[in-house]
Amino acid sequence: MSEQDERATKAAGKAAKTKPKAKGAKAGAAAEVTATGRLSVLKTYKLFVGGKFPRSESGRVYEVTDSEGNWLANAPLASRKDARDAVVAARKAFGGWSGATAYNRGQVLYRVAEMLEGRREQFVGEVADAEGLSRAKAAEQVDAAVDRWVWYAGWTDKVAQVAGGANPVAGPYFNLSTPEPTGIVAVLAPQDSSFLGLVSVLAPAIATGNTVVAVAAERAPLPALSLAEVLATSDVPGGVVNLLSGRAAELGPPLAAHQDVNAIDLTGADAELARELEIAAADNLKRVVRPGLTSDWAVEPGLERMLAYLETKTVWHPTGSLGAAGSAY
Amino acid sequence: MAFEYAPAPESRAVVDIRPTYGLFIDGEFRDAADGKVFKTVSPSTEEVLAEVADAGAADVDAAVAAARRAFGPWSALPGAERGKYLYRIARIIQERSRELAVLETLDNGKPIRETRDADLPLVAAHFFYYAGWADKLKHAGFGPEPRPLGVAGQVIPWNFPLLMLAWKIAPALATGNTVVLKPAETTPLSALFFADICRQAGLPKGVVNILTGDGRAGAALVAHEGVDKVAFTGSTAVGKEIARTVAGTRKKVTLELGGKGANIVFDDAPIDQAVEGIVNGIFFNQGQVCCAGSRLLVQESIQDELLDSLKRRLATLRVGDPLDKNTDVGAINSAEQLARITALAETGEAEGAERWSAPCELPDSGYWFAPTLFTGVSQAHTVAREEIFGPVLSVLTFRTPDEAVAKANNTPYGLSAGIWTEKGSRILAVANKLRAGVVWANTFNKFDPTSPFGGYKESGSGREGGRHGLEAYLDV
């Protein structure tokens, strides 16, 4: 690369980076007054529990800033009680969601992709602010997140065909293994990828028929809280996905110890917290996903995040037998 | 007293049929090279719906060449991108499903209740299902990097025009093939509307090509050197002809052919449910279904009770205007098919089987055949051996389960079968012995995109639907 090219590239990068500041409606002080002299309306970010948008029952908030320290919003600082309420909502939604046909779940997840595509610009701005990315880089994250919903929408009615099947037992029995959702999955979303990472841990859990309580990336929760607006308008039944913002260290322990939570994804916990939560999770033998299962959120996933939340049910039934000398069935 | 049904017609205004249609080649509609056309009529009224281009050899060449040109870029697309095209198609079909249902009813003669509630939902679901496979092929169990075959030549029948199109095109495109599809001569319209859906979805030109025409166009397509894969749904006679045509070539073939399905009712079966299943099995789509339960095998001890119930039920079937939402049985698809059904029924009578037809008034114009059953049928009777492909049920009896299985399997076909009993182990034991590709227990004529469908023996080879349906379009 010549020196001239390099300068040009740098300049372009700088332009892309500063652009959202000028245009972004929510990017703190820089956006208070638009070009036409109109004061913009800022969004109040809230939790998403049981299909509703409550504030934290604790009344607490914490300051969320962009990568340069500019104020973006006051996010709810969810409490242990908020976490327990979210588990109740997730349990209430589990019967309907796990009982829906796989085809129906696929339609709903695809609808999420459609709704997200329509709000692409909003999320590009939010991810750029949250993660300090250029618009182009943020757009890559958002596009990959849309495609990830599509990827998992397609899995809803296929995972049983890959993970289940007939077993040729040595006897006159019909024997069929079918994967079923384990129940409620608590998710500590990745801290390093506020949106693509979140979608990548959320979608596989609900694609397989589980319901979720997720704790957003601690320092960058706004894309997650905005995703709730997409989910709320995508035919996802209330309570299937519940999103909390706050401290992983505060919300992790009550979720890991909760007796009505069936699995926990520790991706967003540091090594020490993860170990502590895994110990707590052992109390009712939650299925545990340890940090580090996924190293690169941009890469196409495999089955691992779906299989983690599936139980295998095997049904036996006698087949009887037909014989020339009188049938014994 | 009997109550009259008020007419409940579905509106035709939702569909706009143009007076003429061309062939869809390389993303554009064009006339046949030799300018030939044919008419498609509505079987319930004999009204001409449109004039359609009649593809000849030059058109087959052009369509295969277009599909070949499109194959490189299409197969090179990432699976996720191919999948998104198919998702678009699925969504547009959902959006336009009422229009397509009315169109299909007009062109085919089947009741709107079926096109609206069965055909169209299954069509959209099939595209949705295979859309999801496009980027997951390495997980499908056919090796780490399964490859497409190339250009698929596909020939489909008139009984489920758009559904058969979906069964052919969705898996072909998901796996990276391009297609040239020939719909049946008597039902070309929904495939041409599908071409418009491809346009709306922005599908690259040449990926899907539609050639309307008769059996000659189908034969030319199957025989074309540029075709890598042949998929055919239709009669066993034509299926055998195709098998001979492709002998000695590289072409991979899947065939979904005729059937003479046995619907076996044991003495412990819930009679009312069984009657509904028998009716659905043979009178769904006027019996013009390859997997129809056209042979009723009833255990001797319950024969009288079952037949009484069945006749009572058949007398309540509403035969008539397919666009009426209360209609159960619509028109036979063509004069030719009606003549075939009529001739076979006459043979049944001539051979000594006892004929009973539902007492119903048939419209004056169009092609109609009253729901009919034959009793006193032996395995030697023509109506027990040949596929009638119409609303005609042959009733045979059995005493033991072994006899039922022997009779059910006593046919060169092997597509479908039904079992009615409350005993689970009997269902599984009998299913185990049946030489048929689909066995329905205590239900009949159920279809789902996730579920493989296809026949044993002379009912064809290969499976459509489900994970298994991918194999037909992959180099495995």
# chains A, B, ... in the order shown; residues from 1 in each chain; ligands from 1
>>> residues_around(residues="stretch 23-25 of chain B", least_positions_apart="4", cutoff="12 Å", atoms="only C-alpha atoms", output="PyMOL selection string")
chain B and resi 29-33+35-37+51-56+58-70+179-183+188-189+191-199+204-213+217
>>> select_by_dssp(residues="stretch 47-213 of chain B", states="strand (DSSP E)", output="list in words")
Val48, Leu49, Ala50, Glu51, Val52, Ala53, Arg147, Pro148, Val151, Ala152, Gly153, Gln154, Val155, Thr178, Val179, Val180, Leu181, Lys182, Val208, Asn209 and Ile210 of chain B
>>> closest_atom_pairs(of="chain A", to="chain B", cutoff="8 Å", atoms="only C-alpha atoms", output="CSV")
residue,atom,partner,partner_atom,distance
A:Tyr103,CA,B:Ala125,CA,7.9
A:Asp147,CA,B:Ala80,CA,7.8
A:Val150,CA,B:Gly132,CA,7.8
A:Trp151,CA,B:Gly132,CA,6.9
A:Ala153,CA,B:Gly132,CA,7.2
A:Gly154,CA,B:Gly132,CA,3.9
A:Trp155,CA,B:Gly132,CA,6.7
A:Asp157,CA,B:Thr450,CA,7.3
A:Lys158,CA,B:Thr450,CA,7.8
A:Gln161,CA,B:Arg467,CA,7.0
A:Val162,CA,B:Ala140,CA,6.9
A:Phe174,CA,B:Leu428,CA,7.4
A:His317,CA,B:Ser425,CA,7.2
A:Pro318,CA,B:Ser425,CA,5.5
A:Thr319,CA,B:Ser425,CA,4.5
A:Gly320,CA,B:Ser425,CA,5.2
A:Ser321,CA,B:Ala429,CA,5.4
A:Leu322,CA,B:Ala429,CA,6.5
A:Gly323,CA,B:Asp402,CA,7.3
A:Ala324,CA,B:Asp402,CA,7.2
A:Ser327,CA,B:Pro401,CA,7.7
A:Tyr329,CA,B:Arg426,CA,6.0
>>> residues_around(residues="stretch 324-340 of chain B", least_positions_apart="3", cutoff="8 Å", atoms="only C-alpha atoms", output="ChimeraX atom specification")
/B:7-10,43-44,108-113,158-159,186,283-286,317-321,343-344,366-369,388,390
>>> write_last_selection(atoms="C-alpha atoms", output="compact mmCIF listing (two decimals), in the first residue's frame")
# COMPACT_ATOMS: atom_id res chain seq x y z
CA PRO B 7 -74.10 -20.89 -2.46
CA ALA B 8 -70.82 -19.71 -0.92
CA PRO B 9 -68.63 -18.90 -3.91
CA GLU B 10 -65.06 -17.73 -3.49
CA PRO B 43 -62.66 -28.47 -16.06
CA SER B 44 -65.75 -27.48 -14.09
CA ASN B 108 -57.52 -27.91 -12.06
CA GLY B 109 -61.14 -28.26 -10.96
CA LYS B 110 -60.37 -29.21 -7.36
CA PRO B 111 -62.37 -27.61 -4.53
CA ILE B 112 -61.25 -24.24 -3.20
CA ARG B 113 -61.39 -25.75 0.27
CA TRP B 158 -51.89 -32.06 -13.13
CA ASN B 159 -53.32 -33.34 -9.84
CA THR B 186 -54.04 -29.34 -18.62
CA PHE B 283 -62.22 -38.78 -2.41
CA PHE B 284 -59.66 -36.10 -1.54
CA ASN B 285 -58.90 -34.33 -4.82
CA GLN B 286 -61.53 -36.50 -6.58
CA LEU B 317 -70.59 -35.28 0.15
CA ARG B 318 -71.23 -32.11 -1.79
CA VAL B 319 -70.19 -32.49 -5.42
CA GLY B 320 -70.16 -29.43 -7.65
CA ASP B 321 -68.76 -25.95 -8.21
CA ALA B 343 -64.20 -46.98 -18.82
CA LEU B 344 -62.59 -48.59 -15.77
CA GLY B 366 -67.69 -29.78 -17.17
CA TYR B 367 -66.22 -33.17 -16.28
CA TRP B 368 -67.86 -34.94 -13.37
CA PHE B 369 -67.92 -38.36 -11.77
CA ILE B 388 -58.16 -45.61 -11.64
CA GLY B 390 -60.58 -41.06 -9.81
>>> closest_residue(among="A:Lys46, A:Lys137, A:Arg290, A:Arg84", to="A:Leu255", atoms="only C-alpha atoms")
A:Arg84
>>> closest_residue(among="A:Leu188, A:Val212, A:Ala269, A:Ala217", to="A:Val241", atoms="only C-alpha atoms")
A:Val212
>>> atom_distance(atom1="atom CA of A:Lys313", atom2="atom CA of A:Leu277")
27.6 Å
>>> residues_around(residues="A:Val146", least_positions_apart="6", cutoff="9 Å", atoms="only C-alpha atoms", output="list in words")
Val112, Ala113, Glu114, Leu116, Glu117, Arg120, Leu196 and Val199 of chain A
>>> select_by_dssp(residues="stretch 66-204 of chain A", states="alpha helix (DSSP H)", output="MDAnalysis selection string")
chainID A and resid 80:99 102:118 120:131 135:155 159:163 196:204
>>> closest_residue(among="B:Pro73, B:Gly462, B:Pro270, B:Pro322", to="B:Glu104", atoms="only C-alpha atoms")
B:Pro322
>>> atom_distance(atom1="atom CA of B:Val155", atom2="atom CA of B:Phe232")
4.9 Å
>>> atom_distance(atom1="atom CA of A:Leu202", atom2="atom CA of A:Thr314")
26.8 Å
>>> closest_residue(among="B:Leu149, B:Met164, B:Leu221, B:Ala358", to="B:Leu474", atoms="only C-alpha atoms")
B:Leu149
>>> closest_residue(among="B:Lys39, B:Ile302, B:Ile341, B:Gln273", to="B:Pro19", atoms="only C-alpha atoms")
B:Lys39
